[in-house]
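Trainee: My structure is below; once you've seen it, I'll send some questions.
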Amino acid sequence: MEMRYRPEELTRLPRSVEYEKGKVMMINQTLLPGEFKTIELTTVDGVAEAIITMKVRGAPAIGAAAAFGLALYADTTKAKTKDEFMEGFYRAYDRLKNTRPTAVNLFWALNRIKRLVEENLESPLEEIKRLIVSEAQKIADEDVEANLRMGHYGAEVVPEGKVLTHCNAGSLATVQLGTVGAVLRVMHRDGTLKLLWVDETRPVLQGARLSAWEYHYDGIPLKLITDNMAGFVMQQGKVDAIIVGADRVVANGDFANKIGTYTLAVLAREHGIPFFTVAPLSTIDLSLRSGREIPIEERKPEEVLTCGGCKIAPDVDVYNPAFDVTPHKYLTGIITDRGVVWPPFERNLKRLFKRE
């Protein structure tokens with residue numbers, strides 16, 4: 001696949017999360033769209049809290065943030081011996097690992113650095129620290145490269161016309177460009193994206209607050225709708241394709257994504273609309289056989305009982321799963337950084353990893 005565009009040709013946005021010695025810098029997504037602000041975090045606990053409170057969100061961005069959390073530990077620890085360093089390293093690893101349960105990139109990034117450390121335990125302590133920081137930066141850089149490839153692969157297969165998306169799988173959900181965001185940006189640059197429909201994505205409104213903000217920022221023509229308008233827009237023939245992100249894709253092609261994705265998949269099937277998910281290899285988890293095995297995070301009831309800090313419901317019991325699982329039978333294809341995977345997904349996902 002020839003890369004026709006560079007990242008800076010596709011977006012004006014900076015990286016959502018970066019690292020400089022002794023500090024993790026990230027866009028505070030909880031303040032958008034009202035305020036664009038970068039925060040600096042100087043402790044592992046600070047990075048963990050930022051992940052929990054969704055100052056940084058989106059599976060690839062969470063993975064990069066967690067990796068930078070370990071880099072921050074390596075650069076700021078006061079441990080004088082290798083034993084003291086490793087004791088603190090495992091504490092930092094556990095603290096970051098236990099922030100959010102569904103996004104597999106979090107565990108993939110942390111385990112990649114953990115394996116590297118354990119493979120180099122005989123090296124001098126300063127070399128181990130250098131390896132951690134270097135690997136964390138590699139994870140971030142590779143994410144941008146993977147997104148660029150997914151953008152070009154996706155633009156080749158997503159039909160020209162009007163596209164609907166859900167939640168935010170753009171630059172803000174990754175280090176830069178996005179998974180879905182890269183596809184949309186390449187299509188926009190190619191002239192094949194005529195209009196983007198953006199679901200507001202209750203209860204936290206990632207579509208309205210984040211997707212609408214970043215795509216408008218980059219000049220992509222869009223219309224914002226409430227989640228319960230999507231079916232009617234499809235019925236009117238105003239959607240040519242649906243593309244969404246993923247927090248975990250499992251061996252048979254089932255995938256977890258922001259709550260509401262399954263509803264869109266069923267509606268897409270009813271209206272004969274192609275339905276794609278976009279995910280790098282780091283989001284694919286072949287250790288789980290089906291979507292029934294994916295742990296689904298439940299979040300605080302306040303997300304449903306309030307909106308923008310205002311009470312919108314009485315104090316009643318709330319069920320607030322952050323994600324749902326879409327069975328693979330509804331998928332047209334999975335756009336990855338190594339190409340598009342078509343049905344049968346179980347066989348073709350295995351082949352994808354064998355090639356790797």
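Letters A, B, ... go to the chains of the structure tokens in the order shown; residues in each chain start at 1; ligands are counted from 1 in the same order.
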Excluding Val204 in chain A and its own-chain neighbours fewer than 2 positions away, which residues fall within 8 Å of it when counting only C-alpha atoms? Please give them as a ChimeraX atom specification.

Mentor: /A:201-202,206,303,307

Trainee: Got a sec: who's within 9 Å of Arg338 in chain A, counting only C-alpha atoms, leaving out chain neighbours fewer than 3 positions off, as a PyMOL selection string?

Mentor: chain A and resi 146+149-150+153+280-281+335+341+352+356

Trainee: May I have the selected residues written with N, CA, C and O atoms, as a PDB file, in the first residue's frame?

Mentor:
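Written output follows (out-v2.pdb):
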ATOM      1  N   ALA A 146       0.735   3.300  12.178  1.00  0.00           N
ATOM      2  CA  ALA A 146      -0.351   2.331  11.963  1.00  0.00           C
ATOM      3  C   ALA A 146      -1.621   3.036  11.518  1.00  0.00           C
ATOM      4  O   ALA A 146      -2.329   2.579  10.607  1.00  0.00           O
ATOM      5  N   ARG A 149      -1.453   3.996   7.861  1.00  0.00           N
ATOM      6  CA  ARG A 149      -1.702   2.851   6.979  1.00  0.00           C
ATOM      7  C   ARG A 149      -3.190   2.505   6.945  1.00  0.00           C
ATOM      8  O   ARG A 149      -3.756   2.244   5.873  1.00  0.00           O
ATOM      9  N   MET A 150      -3.846   2.498   8.128  1.00  0.00           N
ATOM     10  CA  MET A 150      -5.272   2.186   8.165  1.00  0.00           C
ATOM     11  C   MET A 150      -6.088   3.194   7.370  1.00  0.00           C
ATOM     12  O   MET A 150      -7.069   2.842   6.710  1.00  0.00           O
ATOM     13  N   TYR A 153      -5.642   2.141   3.708  1.00  0.00           N
ATOM     14  CA  TYR A 153      -6.357   0.883   3.432  1.00  0.00           C
ATOM     15  C   TYR A 153      -7.872   1.114   3.442  1.00  0.00           C
ATOM     16  O   TYR A 153      -8.596   0.642   2.565  1.00  0.00           O
ATOM     17  N   PRO A 280      -6.032  -1.372  14.875  1.00  0.00           N
ATOM     18  CA  PRO A 280      -4.677  -1.870  14.640  1.00  0.00           C
ATOM     19  C   PRO A 280      -4.515  -3.269  15.230  1.00  0.00           C
ATOM     20  O   PRO A 280      -5.357  -3.739  16.009  1.00  0.00           O
ATOM     21  N   LEU A 281      -3.407  -3.928  14.881  1.00  0.00           N
ATOM     22  CA  LEU A 281      -3.165  -5.279  15.399  1.00  0.00           C
ATOM     23  C   LEU A 281      -3.128  -5.297  16.924  1.00  0.00           C
ATOM     24  O   LEU A 281      -3.498  -6.293  17.542  1.00  0.00           O
ATOM     25  N   ILE A 335     -10.785  -3.204   9.121  1.00  0.00           N
ATOM     26  CA  ILE A 335      -9.683  -2.458   8.526  1.00  0.00           C
ATOM     27  C   ILE A 335      -8.551  -2.387   9.548  1.00  0.00           C
ATOM     28  O   ILE A 335      -8.700  -1.801  10.613  1.00  0.00           O
ATOM     29  N   VAL A 341      -9.345  -7.192   6.627  1.00  0.00           N
ATOM     30  CA  VAL A 341      -9.688  -8.590   6.901  1.00  0.00           C
ATOM     31  C   VAL A 341     -11.162  -8.775   6.558  1.00  0.00           C
ATOM     32  O   VAL A 341     -12.037  -8.076   7.074  1.00  0.00           O
ATOM     33  N   LEU A 352      -3.649 -13.335   9.280  1.00  0.00           N
ATOM     34  CA  LEU A 352      -3.037 -12.024   9.440  1.00  0.00           C
ATOM     35  C   LEU A 352      -1.882 -12.074  10.428  1.00  0.00           C
ATOM     36  O   LEU A 352      -0.797 -11.540  10.179  1.00  0.00           O
ATOM     37  N   GLU A 356       2.461 -11.853  10.288  1.00  0.00           N
ATOM     38  CA  GLU A 356       3.275 -10.986  11.129  1.00  0.00           C
ATOM     39  C   GLU A 356       4.422 -11.751  11.768  1.00  0.00           C
ATOM     40  O   GLU A 356       5.408 -11.205  12.156  1.00  0.00           O
TER      41      GLU A 356
END

Trainee: In range 82-266 of chain A, what's strand (DSSP E) per DSSP? Answer as a list in words?

Mentor: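 Assigned to strand (DSSP E), within range 82-266 of chain A: Gly161, Lys162, Val163, Leu164, Thr165, Leu193, Lys194, Leu195, Leu196, Trp197, Val198, Asp199, Leu222, Lys223, Leu224, Ile225, Ala241, Ile242, Ile243, Val244, Arg248, Val249, Val250, Phe255, Ala256, Asn257 and Lys258 of chain A.
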
Trainee: Skip Ala64 in chain A itself and residues of its chain fewer than 3 positions away, then list as a list in words all residues within 10 Å of it, counting only C-alpha atoms.

Mentor: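 Contacts, in chain order: Ser16, Val17, Glu18, Tyr19, Val56, Ala59, Pro60, Ala61, Ala67, Phe68, Gly69, Asn105, Leu106, Trp108, Ala109, Leu110, Ala136, Gln137, Lys138, Ile139, Ala140, Asp141, Glu142, Asp143, Thr174 and Val175 of chain A.
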
Trainee: If we count only C-alpha atoms and set the cut-off at 10 Å, which residues sit around Lys80 in chain A, ignoring sequence neighbours fewer than 4 positions away in its own chain? Please answer as number ranges by chain.

Mentor: A: 84-85, 125

Trainee: Would you write out those residues with N, CA and C atoms, as a compact mmCIF listing (two decimals), in the first residue's frame?

Mentor:
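Result written to again11.txt:
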# COMPACT_ATOMS: atom_id res chain seq x y z
N GLU A 84 15.30 -2.50 44.14
CA GLU A 84 14.37 -1.41 44.49
C GLU A 84 13.65 -0.90 43.25
N PHE A 85 14.40 -0.77 42.16
CA PHE A 85 13.80 -0.29 40.91
C PHE A 85 12.70 -1.23 40.43
N LEU A 125 21.33 -0.87 35.37
CA LEU A 125 20.06 -0.20 35.69
C LEU A 125 19.80 0.97 34.75

Trainee: Excluding Met86 in chain A and residues on its chain fewer than 6 positions from it, collect all residues at most 12 Å away from it, counting only C-alpha atoms, and give them as a PyMOL selection string.

Mentor: chain A and resi 70+73-74+77-80+92-93+114+117-118+120-121+125+128-129

Trainee: Could you please determine the separation between CA of Met54 in chain A and CA of Gly154 in chain A in Å, to one decimal place?

Mentor: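 Taking CA of Met54 in chain A and CA of Gly154 in chain A, their separation equals 27.4 Å.
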
Trainee: Distance CA of Thr102 in chain A-CA of Ala322 in chain A, one decimal place?

Mentor: 9.0 Å

Trainee: If we count only C-alpha atoms and set the cut-off at 9 Å, which residues sit around Arg299 in chain A, ignoring sequence neighbours fewer than 5 positions away in its own chain? Please answer as a list in words.

Mentor: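 Here the qualifying residues turn out to be Tyr319, Asn320, Pro321 and Ala322 of chain A.
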